[in-house]
>>> print(open('final_18.cif').read())   # mmCIF, C-alpha atoms and all ligand atoms
data_target
#
loop_
_atom_site.label_atom_id
_atom_site.label_comp_id
_atom_site.auth_asym_id
_atom_site.auth_seq_id
_atom_site.Cartn_x
_atom_site.Cartn_y
_atom_site.Cartn_z
CA MET A 344 0.00 0.00 0.00
CA LEU A 345 2.89 2.31 0.75
CA ASN A 346 4.77 4.04 -1.97
CA GLN A 347 8.38 5.06 -1.55
CA ASN A 348 7.83 7.34 -4.51
CA PRO A 349 4.65 9.15 -3.67
CA ILE A 350 1.85 9.90 -6.06
CA THR A 351 2.37 13.61 -6.68
CA TYR A 352 -0.63 15.80 -7.32
CA GLN A 353 0.41 18.94 -9.16
CA LYS A 354 -1.17 22.31 -8.50
CA SER A 355 -3.42 21.85 -11.54
CA GLU A 356 -4.58 18.43 -10.34
CA HIS A 357 -5.80 19.14 -6.83
CA ARG A 358 -8.18 21.66 -5.39
CA LEU A 359 -6.49 22.33 -2.11
CA PRO A 360 -7.43 25.88 -1.06
CA VAL A 361 -3.93 27.17 -0.35
CA ALA A 362 -5.30 30.50 0.87
CA GLU A 363 -6.77 28.70 3.89
CA ILE A 364 -3.35 27.69 5.17
CA SER A 365 -2.47 30.06 7.98
CA PRO A 366 0.23 32.65 7.22
CA ALA A 367 2.19 31.51 10.28
CA THR A 368 2.33 27.94 8.94
CA LYS A 369 3.65 29.26 5.64
CA LYS A 370 6.21 31.35 7.50
CA ILE A 371 7.47 28.44 9.59
CA ILE A 372 7.78 26.15 6.58
CA SER A 373 9.57 28.84 4.51
CA LYS A 374 12.01 29.49 7.30
CA LEU A 375 12.87 25.80 7.63
CA VAL A 376 13.35 25.54 3.86
CA GLU A 377 15.50 28.70 3.79
CA ASN A 378 17.70 27.02 6.38
CA GLY A 379 18.25 24.07 4.07
CA PHE A 380 15.69 21.66 5.53
CA GLU A 381 12.80 19.80 3.98
CA ALA A 382 9.45 20.87 5.46
CA TYR A 383 5.81 20.15 4.69
CA LEU A 384 2.37 20.78 5.96
CA VAL A 385 1.21 17.31 6.95
CA GLY A 386 -1.67 15.17 8.05
CA GLY A 387 -5.07 16.28 9.24
CA ALA A 388 -4.94 19.80 7.80
CA ILE A 389 -4.52 18.56 4.22
CA ARG A 390 -7.17 15.90 4.74
CA ASP A 391 -9.63 18.48 6.10
CA LEU A 392 -8.88 21.04 3.38
CA LEU A 393 -9.44 18.42 0.67
CA LEU A 394 -12.78 17.59 2.30
CA GLY A 395 -13.76 21.27 2.30
CA LEU A 396 -13.45 21.62 6.09
CA HIS A 397 -11.56 24.16 8.15
CA PRO A 398 -8.60 22.48 9.87
CA LYS A 399 -8.39 23.03 13.61
CA ASP A 400 -4.62 23.08 13.50
CA PHE A 401 -1.76 22.95 11.02
CA ASP A 402 0.93 20.38 11.72
CA ILE A 403 4.34 20.57 10.11
CA ALA A 404 6.81 17.76 9.39
CA THR A 405 10.48 18.30 8.65
CA ASP A 406 13.88 16.62 8.56
CA ALA A 407 15.19 19.25 11.00
CA THR A 408 15.71 17.79 14.47
CA PRO A 409 13.95 19.40 17.46
CA GLU A 410 17.30 21.03 18.34
CA ASP A 411 17.67 22.42 14.79
CA ILE A 412 14.14 23.84 15.03
CA LYS A 413 14.89 25.38 18.39
CA HIS A 414 18.02 26.96 16.95
CA ILE A 415 16.13 28.43 13.98
CA PHE A 416 13.20 29.81 15.98
CA LYS A 417 15.27 30.85 19.00
CA GLY A 418 13.01 32.14 21.80
CA LYS A 419 9.80 31.16 19.97
CA CYS A 420 10.29 27.43 20.33
CA ARG A 421 9.98 24.80 23.03
CA ILE A 422 10.77 21.13 22.76
CA ILE A 423 8.00 19.05 24.31
CA GLY A 424 7.05 15.40 24.85
CA ARG A 425 8.98 12.38 25.97
CA ARG A 426 7.06 9.63 24.22
CA PHE A 427 7.12 11.66 21.01
CA ARG A 428 9.55 14.55 21.14
CA LEU A 429 8.57 17.48 18.94
CA ALA A 430 8.93 21.24 18.75
CA HIS A 431 6.25 23.77 19.55
CA VAL A 432 6.76 26.99 17.61
CA TYR A 433 4.91 30.05 18.89
CA MET A 434 3.55 32.53 16.34
CA GLY A 435 1.07 35.20 17.32
CA ASN A 436 -1.37 33.59 19.73
CA SER A 437 -1.01 30.12 18.28
CA ILE A 438 1.23 27.15 18.80
CA TYR A 439 2.36 25.08 15.82
CA GLU A 440 3.54 21.50 16.15
CA VAL A 441 6.68 20.84 14.16
CA ALA A 442 7.58 17.15 14.17
CA THR A 443 10.78 15.61 12.90
CA PHE A 444 10.28 12.77 10.37
CA ARG A 445 10.16 9.44 12.19
CA GLY A 446 12.32 6.64 10.75
CA SER A 447 11.68 2.97 10.08
CA ASP A 448 14.82 1.71 11.80
CA PRO A 449 13.79 0.40 15.25
CA GLY A 450 16.96 2.03 16.69
CA ASP A 451 16.27 3.06 20.24
CA ARG A 452 12.50 3.12 19.80
CA VAL A 453 11.12 1.88 23.12
CA MET A 454 8.56 -0.91 22.89
CA LYS A 455 6.67 -2.78 25.59
CA LYS A 456 4.63 -5.83 24.61
CA GLY A 457 4.36 -4.51 21.05
CA GLN A 458 3.28 -1.04 22.20
CA ILE A 459 5.42 1.95 21.28
CA ILE A 460 6.33 3.66 24.51
CA ARG A 461 8.69 6.15 22.96
CA ASP A 462 9.41 7.00 19.34
CA ASN A 463 12.23 9.41 18.75
CA VAL A 464 13.99 7.62 15.91
CA PHE A 465 14.33 10.11 13.09
CA GLY A 466 14.24 9.31 9.39
CA THR A 467 13.14 10.43 5.93
CA VAL A 468 9.80 11.65 4.65
CA ASP A 469 8.81 8.32 3.10
CA GLN A 470 9.68 6.50 6.34
CA ASP A 471 7.71 9.12 8.24
CA ALA A 472 4.65 8.47 6.09
CA ILE A 473 4.55 4.78 7.00
CA ARG A 474 4.54 5.63 10.73
CA ARG A 475 1.35 7.65 10.42
CA ASP A 476 -1.99 6.12 11.25
CA PHE A 477 -4.44 6.45 8.34
CA THR A 478 -3.80 6.77 4.61
CA CYS A 479 -5.55 10.15 4.52
CA ASN A 480 -3.20 11.38 7.27
CA ALA A 481 -0.06 10.47 5.30
CA LEU A 482 -0.41 13.42 2.92
CA TYR A 483 2.33 16.06 2.67
CA PHE A 484 1.92 19.45 1.09
CA ASP A 485 4.92 21.13 -0.50
CA LEU A 486 4.25 24.84 -0.19
CA GLN A 487 6.89 25.97 -2.68
CA GLU A 488 5.64 23.73 -5.47
CA GLU A 489 2.05 23.59 -4.21
CA THR A 490 2.05 19.83 -4.75
CA ILE A 491 0.53 17.09 -2.60
CA LEU A 492 2.76 14.09 -1.92
CA ASP A 493 0.61 11.06 -1.30
CA PHE A 494 2.54 8.07 0.05
CA ALA A 495 -0.34 5.72 0.82
CA ALA A 496 -3.07 6.45 -1.75
CA GLY A 497 -4.83 8.62 0.82
CA VAL A 498 -6.35 10.95 -1.79
CA HIS A 499 -7.94 7.96 -3.49
CA ASP A 500 -9.38 6.71 -0.17
CA LEU A 501 -10.65 10.19 0.68
CA LYS A 502 -12.43 10.35 -2.67
CA LYS A 503 -14.03 6.99 -1.95
CA GLY A 504 -14.96 8.16 1.54
CA GLU A 505 -13.00 5.43 3.30
CA LEU A 506 -10.84 5.56 6.40
CA LYS A 507 -8.01 3.07 5.93
CA LEU A 508 -5.29 2.23 8.38
CA ILE A 509 -1.72 2.03 7.04
CA GLY A 510 -0.16 -1.41 7.49
CA ASN A 511 -1.37 -4.41 9.44
CA PRO A 512 -4.22 -3.34 11.75
CA ASN A 513 -3.38 -5.87 14.45
CA GLN A 514 0.18 -4.61 14.68
CA ARG A 515 -0.73 -0.93 14.35
CA PHE A 516 -3.45 -1.11 17.02
CA ILE A 517 -1.11 -2.87 19.44
CA GLU A 518 1.68 -0.34 18.71
CA ASP A 519 -0.68 2.46 19.66
CA PRO A 520 -4.19 1.46 20.80
CA VAL A 521 -5.32 5.12 20.72
CA ARG A 522 -5.54 4.69 16.94
CA MET A 523 -8.80 2.80 17.56
CA LEU A 524 -10.31 5.87 19.22
CA ARG A 525 -8.92 8.06 16.44
CA ALA A 526 -10.62 5.79 13.90
CA VAL A 527 -13.99 6.33 15.57
CA ARG A 528 -13.40 10.08 15.83
CA PHE A 529 -12.43 10.49 12.17
CA HIS A 530 -15.34 8.31 11.13
CA ALA A 531 -17.74 10.50 13.12
CA LYS A 532 -16.16 13.84 12.30
CA LEU A 533 -15.41 13.28 8.63
CA GLY A 534 -18.08 10.77 7.64
CA LEU A 535 -15.40 8.36 6.37
CA ALA A 536 -16.49 4.72 6.39
CA LEU A 537 -14.80 2.01 8.44
CA SER A 538 -14.80 -1.35 6.65
CA ALA A 539 -16.43 -4.34 8.35
CA GLU A 540 -12.98 -5.88 8.62
CA LEU A 541 -11.50 -2.86 10.35
CA ARG A 542 -14.43 -2.71 12.75
CA GLN A 543 -13.87 -6.34 13.69
CA GLN A 544 -10.17 -5.65 14.19
CA ILE A 545 -11.04 -2.81 16.54
CA ILE A 546 -13.33 -5.06 18.55
CA ASN A 547 -10.64 -7.74 18.69
CA ASN A 548 -7.93 -5.32 19.81
CA ARG A 549 -10.01 -3.16 22.12
CA LEU A 550 -8.53 -4.45 25.36
CA HIS A 551 -5.11 -3.08 24.40
CA LEU A 552 -6.56 0.32 25.26
CA THR A 553 -6.24 -0.62 28.91
CA ASN A 554 -2.44 -0.39 28.44
CA VAL A 555 -2.60 3.29 27.50
CA PRO A 556 -1.88 5.88 30.23
CA THR A 557 -5.24 6.97 31.59
CA ALA A 558 -4.45 10.68 31.25
CA ARG A 559 -3.91 10.24 27.49
CA LEU A 560 -7.18 8.31 27.28
CA PHE A 561 -9.02 11.20 28.89
CA ASP A 562 -7.48 13.65 26.38
CA GLU A 563 -8.68 11.43 23.55
CA THR A 564 -12.11 11.15 25.14
CA VAL A 565 -12.40 14.93 25.26
CA LYS A 566 -11.37 15.18 21.60
CA MET A 567 -14.11 12.65 20.91
CA PHE A 568 -16.69 14.56 22.99
CA HIS A 569 -15.88 17.69 21.00
CA CYS A 570 -15.37 16.20 17.54
CA GLY A 571 -18.58 17.86 16.34
CA ASN A 572 -20.45 14.60 15.80
CA MET A 573 -20.41 12.91 19.18
CA GLU A 574 -23.85 11.45 18.63
CA ILE A 575 -22.42 9.23 15.89
CA ALA A 576 -19.17 8.64 17.78
CA TYR A 577 -21.10 7.42 20.84
CA LYS A 578 -23.13 4.90 18.85
CA GLU A 579 -19.94 3.68 17.27
CA LEU A 580 -18.08 3.50 20.61
CA MET A 581 -20.93 1.39 21.94
CA GLU A 582 -21.00 -0.92 18.92
CA LEU A 583 -17.25 -1.38 18.85
CA ARG A 584 -17.25 -1.98 22.60
CA LEU A 585 -14.85 0.88 23.28
CA PHE A 586 -17.22 2.87 25.47
CA GLU A 587 -17.04 0.09 28.07
CA ILE A 588 -13.29 0.57 28.26
CA LEU A 589 -13.53 4.30 28.89
CA PHE A 590 -16.58 4.25 31.18
CA PRO A 591 -17.04 0.63 32.31
CA VAL A 592 -19.65 1.19 35.02
CA ALA A 593 -21.75 3.60 32.94
CA ALA A 594 -21.51 1.21 29.98
CA LYS A 595 -23.14 -1.51 32.09
CA ILE A 596 -25.95 0.68 33.42
CA ILE A 597 -26.88 2.67 30.33
CA PRO A 598 -28.04 -0.17 28.03
CA GLN A 599 -30.48 -1.28 30.74
CA GLN A 600 -32.12 2.13 30.70
CA GLN A 601 -33.27 3.00 27.21
CA GLN A 602 -34.49 6.42 28.32
CA TRP A 603 -31.10 7.31 29.67
CA HIS A 604 -29.45 6.13 26.50
CA ASN A 605 -31.75 8.53 24.62
CA LEU A 606 -30.93 11.33 27.05
CA LEU A 607 -27.24 10.87 26.41
CA LEU A 608 -27.83 10.97 22.66
CA GLU A 609 -29.65 14.25 23.22
CA ALA A 610 -26.78 15.60 25.34
CA PHE A 611 -24.27 14.65 22.65
CA SER A 612 -26.34 16.17 19.90
CA ASN A 613 -26.71 19.42 21.95
CA THR A 614 -22.92 19.61 22.21
CA ASP A 615 -22.61 18.94 18.47
CA HIS A 616 -25.01 21.82 17.79
CA ARG A 617 -23.17 24.15 20.13
CA LEU A 618 -19.93 23.43 18.27
CA GLN A 619 -21.59 23.92 14.89
CA ASN A 620 -22.84 27.30 16.10
CA GLY A 621 -19.46 28.34 17.46
CA LEU A 622 -20.61 28.25 21.10
CA SER A 623 -18.25 27.31 23.91
CA VAL A 624 -18.14 23.77 25.25
CA THR A 625 -16.54 22.18 28.28
CA PRO A 626 -15.70 18.53 28.94
CA VAL A 627 -17.36 18.99 32.35
CA PHE A 628 -20.83 18.84 30.85
CA LEU A 629 -20.64 15.50 29.05
CA THR A 630 -18.52 13.92 31.77
CA ALA A 631 -21.23 14.85 34.29
CA CYS A 632 -23.96 13.48 32.01
CA VAL A 633 -22.19 10.18 31.36
CA LEU A 634 -21.38 9.52 35.01
CA TRP A 635 -24.65 10.72 36.59
CA LEU A 636 -26.25 7.27 36.68
CA GLU A 637 -23.26 6.00 38.63
CA PHE A 638 -23.48 8.88 41.04
CA ILE A 639 -27.18 8.74 41.89
CA PRO A 640 -27.37 5.32 43.60
CA LEU A 641 -24.20 6.07 45.55
CA TYR A 642 -25.61 9.43 46.62
CA HIS A 643 -28.80 7.82 47.93
CA GLU A 644 -26.84 5.10 49.64
CA VAL A 645 -24.90 7.67 51.68
CA LEU A 646 -28.07 9.68 52.38
CA ASN A 647 -29.82 6.54 53.59
CA SER A 648 -26.98 5.87 55.94
CA GLY A 649 -28.06 9.04 57.77
CA LYS A 650 -25.61 11.59 56.41
CA ASN A 651 -26.67 15.00 55.11
CA SER A 652 -26.87 15.89 51.43
CA HIS A 653 -23.60 17.84 51.53
CA ASP A 654 -21.67 14.81 52.79
CA ALA A 655 -23.56 12.48 50.49
CA LEU A 656 -22.63 14.63 47.49
CA HIS A 657 -19.01 14.68 48.53
CA GLU A 658 -18.70 10.99 49.27
CA ALA A 659 -20.63 9.80 46.23
CA THR A 660 -18.68 12.05 43.85
CA THR A 661 -15.39 10.94 45.33
CA GLN A 662 -16.41 7.31 44.94
CA VAL A 663 -17.40 7.77 41.28
CA MET A 664 -14.07 9.42 40.57
CA ILE A 665 -12.16 6.66 42.35
CA ASN A 666 -14.04 4.01 40.35
CA GLN A 667 -13.31 5.89 37.17
CA ARG A 668 -9.64 6.61 37.90
CA GLU A 669 -8.49 3.14 36.93
CA PHE A 670 -9.81 3.63 33.39
CA LEU A 671 -9.73 7.35 32.68
CA MET A 672 -7.76 9.95 34.56
CA ILE A 673 -10.13 12.88 34.89
CA PRO A 674 -8.14 16.02 35.80
CA LYS A 675 -8.95 17.62 39.14
CA ALA A 676 -10.40 20.79 37.58
CA ILE A 677 -12.88 18.74 35.54
CA GLN A 678 -13.75 16.62 38.57
CA ASN A 679 -14.57 19.79 40.49
CA GLY A 680 -16.75 21.04 37.67
CA VAL A 681 -18.65 17.75 37.59
CA ARG A 682 -19.13 17.88 41.35
CA GLN A 683 -20.57 21.40 41.03
CA MET A 684 -22.95 20.37 38.28
CA TRP A 685 -24.24 17.50 40.40
CA MET A 686 -24.47 19.71 43.48
CA LEU A 687 -26.65 22.13 41.54
CA GLN A 688 -29.00 19.30 40.51
CA ILE A 689 -29.60 18.82 44.22
CA ARG A 690 -29.84 22.54 44.95
CA PHE A 691 -32.41 22.98 42.15
CA LYS A 692 -34.90 21.22 44.42
CA LYS A 693 -34.81 24.23 46.76
CA MET A 694 -37.00 26.86 45.16
CA PHE A 695 -37.40 29.22 48.11
CA GLY A 696 -35.30 31.40 50.38
CA LYS A 697 -31.88 32.98 49.99
CA GLY A 698 -30.25 29.87 48.57
CA VAL A 699 -32.02 30.54 45.27
CA TYR A 700 -29.73 33.50 44.64
CA SER A 701 -26.53 31.53 45.13
CA THR A 702 -27.84 28.76 42.87
CA LEU A 703 -28.83 31.26 40.19
CA HIS A 704 -25.49 33.05 40.32
CA HIS A 705 -23.34 29.95 40.56
CA PRO A 706 -20.72 29.92 37.76
CA ARG A 707 -21.90 26.45 36.70
CA PHE A 708 -25.57 27.44 36.68
CA ARG A 709 -25.91 27.45 32.90
CA ALA A 710 -24.45 23.98 32.33
CA ALA A 711 -26.34 22.57 35.32
CA TYR A 712 -29.60 24.12 34.12
CA ASP A 713 -29.11 22.61 30.65
CA PHE A 714 -28.61 19.26 32.34
CA LEU A 715 -31.77 19.72 34.40
CA LEU A 716 -33.76 20.34 31.21
CA LEU A 717 -32.29 17.21 29.68
CA ARG A 718 -33.21 15.17 32.76
CA ASN A 719 -36.68 16.64 32.59
CA THR A 720 -37.17 15.27 29.07
CA ILE A 721 -37.31 11.77 30.56
CA ASP A 722 -38.66 12.58 34.02
CA GLU A 723 -41.84 14.60 34.36
CA LYS A 724 -41.37 14.88 38.12
CA LEU A 725 -38.87 17.57 37.24
CA ASP A 726 -41.45 19.74 35.43
CA GLN A 727 -41.88 22.07 38.37
CA GLN A 728 -38.14 22.57 38.87
CA SER A 729 -37.55 23.15 35.18
CA ASP A 730 -40.36 25.69 34.99
CA PHE A 731 -39.15 27.47 38.11
CA TRP A 732 -35.49 27.77 37.02
CA THR A 733 -36.53 28.74 33.51
CA SER A 734 -38.92 31.52 34.51
CA ILE A 735 -36.75 32.93 37.27
CA GLN A 736 -34.02 33.78 34.76
CA ASN A 737 -36.30 36.31 33.06
CA MET A 738 -37.77 37.87 36.19
CA SER A 739 -37.13 41.27 37.69
CA PRO A 740 -35.29 41.36 41.04
CA GLU A 741 -38.59 42.30 42.76
CA GLY A 742 -40.40 39.42 41.07
CA ILE A 743 -37.76 36.96 42.24
CA LYS A 744 -37.88 38.35 45.75
CA SER A 745 -41.62 37.97 46.11
CA LEU A 746 -41.52 34.52 44.53
CA ILE A 747 -38.86 33.03 46.76
CA PHE A 748 -39.83 34.73 50.00
CA GLY A 749 -43.61 34.67 49.37
CA LYS A 750 -45.83 32.86 51.87
CA LYS A 751 -47.27 30.49 49.35
CA ASN A 752 -43.86 29.35 48.31
CA LYS A 753 -42.68 28.88 51.86
CA ARG A 754 -45.57 26.59 52.54
CA GLN A 755 -44.86 24.37 49.58
CA LYS A 756 -41.34 23.43 50.47
CA ILE A 757 -40.74 21.13 47.60
CA ASN A 758 -38.96 17.97 48.38
CA GLN A 759 -38.87 15.97 45.26
CA GLU A 760 -36.98 12.79 44.77
CA LEU A 761 -34.04 13.09 42.42
P1 LIG B 1 -7.13 16.59 14.23
O1 LIG B 1 -6.04 17.62 14.43
O2 LIG B 1 -8.30 17.04 13.47
O3 LIG B 1 -7.45 15.86 15.49
P2 LIG B 1 -5.01 15.16 12.94
O4 LIG B 1 -5.01 14.00 11.97
O5 LIG B 1 -4.30 16.39 12.50
O6 LIG B 1 -6.51 15.45 13.29
P3 LIG B 1 -3.22 15.19 15.16
O7 LIG B 1 -3.36 14.53 16.49
O8 LIG B 1 -3.13 16.66 15.08
O9 LIG B 1 -4.42 14.63 14.28
O10 LIG B 1 -1.93 14.52 14.49
C1 LIG B 1 -1.31 15.05 13.33
C2 LIG B 1 -0.84 13.90 12.44
O11 LIG B 1 0.07 13.08 13.15
C3 LIG B 1 -1.94 12.96 11.97
O12 LIG B 1 -2.60 13.44 10.82
C4 LIG B 1 -1.19 11.69 11.72
O13 LIG B 1 -0.53 11.74 10.48
C5 LIG B 1 -0.13 11.71 12.81
N1 LIG B 1 -0.59 10.99 14.03
C6 LIG B 1 -1.20 11.52 15.11
N2 LIG B 1 -1.45 10.59 16.05
C7 LIG B 1 -0.96 9.44 15.56
C8 LIG B 1 -0.88 8.11 16.06
N3 LIG B 1 -1.38 7.82 17.25
N4 LIG B 1 -0.30 7.18 15.28
C9 LIG B 1 0.22 7.49 14.07
N5 LIG B 1 0.17 8.72 13.55
C10 LIG B 1 -0.40 9.69 14.27
MG MG B 2 -3.95 18.09 13.67
#
>>> encode(input="final_18.cif", output="structure tokens")
Amino acid sequence: MLNQNPITYQKSEHRLPVAEISPATKKIISKLVENGFEAYLVGGAIRDLLLGLHPKDFDIATDATPEDIKHIFKGKCRIIGRRFRLAHVYMGNSIYEVATFRGSDPGDRVMKKGQIIRDNVFGTVDQDAIRRDFTCNALYFDLQEETILDFAAGVHDLKKGELKLIGNPNQRFIEDPVRMLRAVRFHAKLGLALSAELRQQIINNRLHLTNVPTARLFDETVKMFHCGNMEIAYKELMELRLFEILFPVAAKIIPQQQQWHNLLLEAFSNTDHRLQNGLSVTPVFLTACVLWLEFIPLYHEVLNSGKNSHDALHEATTQVMINQREFLMIPKAIQNGVRQMWMLQIRFKKMFGKGVYSTLHHPRFRAAYDFLLLRNTIDEKLDQQSDFWTSIQNMSPEGIKSLIFGKKNKRQKINQEL
């Protein structure tokens, strides 16, 4: 499948919109070339541009070593990564990844049970191409000539709408199991088909994902959450049995509760819409949605043991995070956000007195309120809470005051079950 001599698409043969490549990318590549190095725009950006999408970043590949790059860009460059050492070049407000071509010689590449632990063996552009994951990611754009170098027939696969792995899937998935998650993400994001064979190979190799550091798995999960088509990605993760590796407890509970499965689809599609409309998103929201069903029974268990809701919230959240830690390492800041979103679900039950103000002005109110509305779509017991927290947002300060301190409201201290 791999071509040492790439198929070269001349300027007249491809429709890559060169004007969409960021000026900083062009500047970095020109500077490397001026200094006598080979340098290309590579990977996802070319793939996305050929598909008519706007790339989220522009990655550069070169035969300059990280030290060479640092020397050329002086104070604007940092070398990062241990597993995969590369240079970050700072231009304006953006960071550009400049990676040195990886070689095919095993050299001092560090492997553990077939998995690549570290890959800092440098090589040539054609060797670099074979190390990449999918054929459509092994495309190199030569800015001077405006040609596309295609080492693995990626343009052909893109035209056919297929996502194809380079090399032997069993070996490539063991080398780096994250490629299975990337396959799902690119399928969802780009609409590229995964063959039945590849799907089976993912299912067969899925357990290798448990060998990946859990912090990296969380990063990949967030990229998945925010790929713009998480509704599709979720269905695929379920079918390919990858969701159970990321969220094992939730994966057991959700299929038993069709309504909750539908709620999650709704949550994912809301996030997809927000991204399509350029609205902000946070991994807190979907993490809180996915793990809620794990939290609720634990919360009630602690409450039933006689503790107050504050302690129950704390203990149940901590327990969920401990259960989850073995599979996905959720950073502390995200854990705190999730805890706040869950706390607000409990505080939403209190629709009287001073506490209403602190709920309404809580920094997580918006996300928590969106979650309440989602929960309400499958639970009509939440109608009253949803109506209350919806209408209060449009009320005058006087209106709110009379509503939450009014006699009628005081009498009907609502104490609904979550
Ligand atoms: P996006 O930026 O939209 O997530 P991308 O394909 O650019 O997609 P990056 O993570 O930015 O993904 O990686 C840049 C390129 O590096 C990829 O296009 C691919 O060629 C290569 N690459 C990234 N991760 C891997 C991997 N795990 N195995 C092999 N090659 C990889
Ligand atoms: Mg990229």
>>> closest_residue(input="final_18.cif", among="A:Phe638, A:Phe731, A:Tyr383, A:Tyr712", to="A:Ala481", atoms="only C-alpha atoms")
A:Tyr383
>>> closest_residue(input="final_18.cif", among="A:Gln487, A:Ile596, A:Thr408, A:Ile423", to="A:Val464", atoms="only C-alpha atoms")
A:Thr408
>>> residues_near_ligand(input="final_18.cif", ligand="ligand LIG 1 (chain B)", cutoff="9 Å", atoms="all atoms listed in the file", output="PyMOL selection string")
chain A and resi 385-391+398-403+440+442+471-482+515+518-523+525+528-529+532+566+570
>>> atom_distance(input="final_18.cif", atom1="atom CA of A:Ala526", atom2="atom CA of A:Asn613")
22.6 Å
>>> closest_residue(input="final_18.cif", among="A:Leu392, A:Leu506, A:Glu644, A:Thr490", to="ligand MG 2 (chain B)", atoms="all atoms listed in the file")
A:Leu392
>>> atom_distance(input="final_18.cif", atom1="atom CA of A:Lys724", atom2="atom CA of A:Gly680")
25.4 Å
>>> residues_around(input="final_18.cif", residues="A:Val624", least_positions_apart="3", cutoff="10 Å", atoms="only C-alpha atoms", output="list of chain:residue names")
A:Phe568, A:His569, A:Thr614, A:Asp615, A:Arg617, A:Leu618, A:Gly621, A:Val627, A:Phe628, A:Leu629, A:Ala710
>>> closest_residue(input="final_18.cif", among="A:Val453, A:Leu384, A:Pro740, A:Met567", to="ligand MG 2 (chain B)", atoms="all atoms listed in the file")
A:Leu384
>>> residues_around(input="final_18.cif", residues="A:Leu717", least_positions_apart="6", cutoff="9 Å", atoms="all atoms listed in the file", output="MDAnalysis selection string")
chainID A and resid 606:607 609:610
>>> atom_distance(input="final_18.cif", atom1="atom CA of A:Gln353", atom2="atom CA of A:Gly466")
25.1 Å
>>> closest_residue(input="final_18.cif", among="A:Ile438, A:Met694, A:Leu375, A:Leu359", to="ligand MG 2 (chain B)", atoms="all atoms listed in the file")
A:Ile438
>>> residues_near_point(input="final_18.cif", point="(-19.7, 9.2, 51.4)", cutoff="12 Å", atoms="all atoms listed in the file", output="ChimeraX atom specification")
/A:638,640-663
>>> closest_residue(input="final_18.cif", among="A:Glu587, A:Ile677, A:Asn572, A:Ala631", to="A:Gln619", atoms="all atoms listed in the file")
A:Asn572
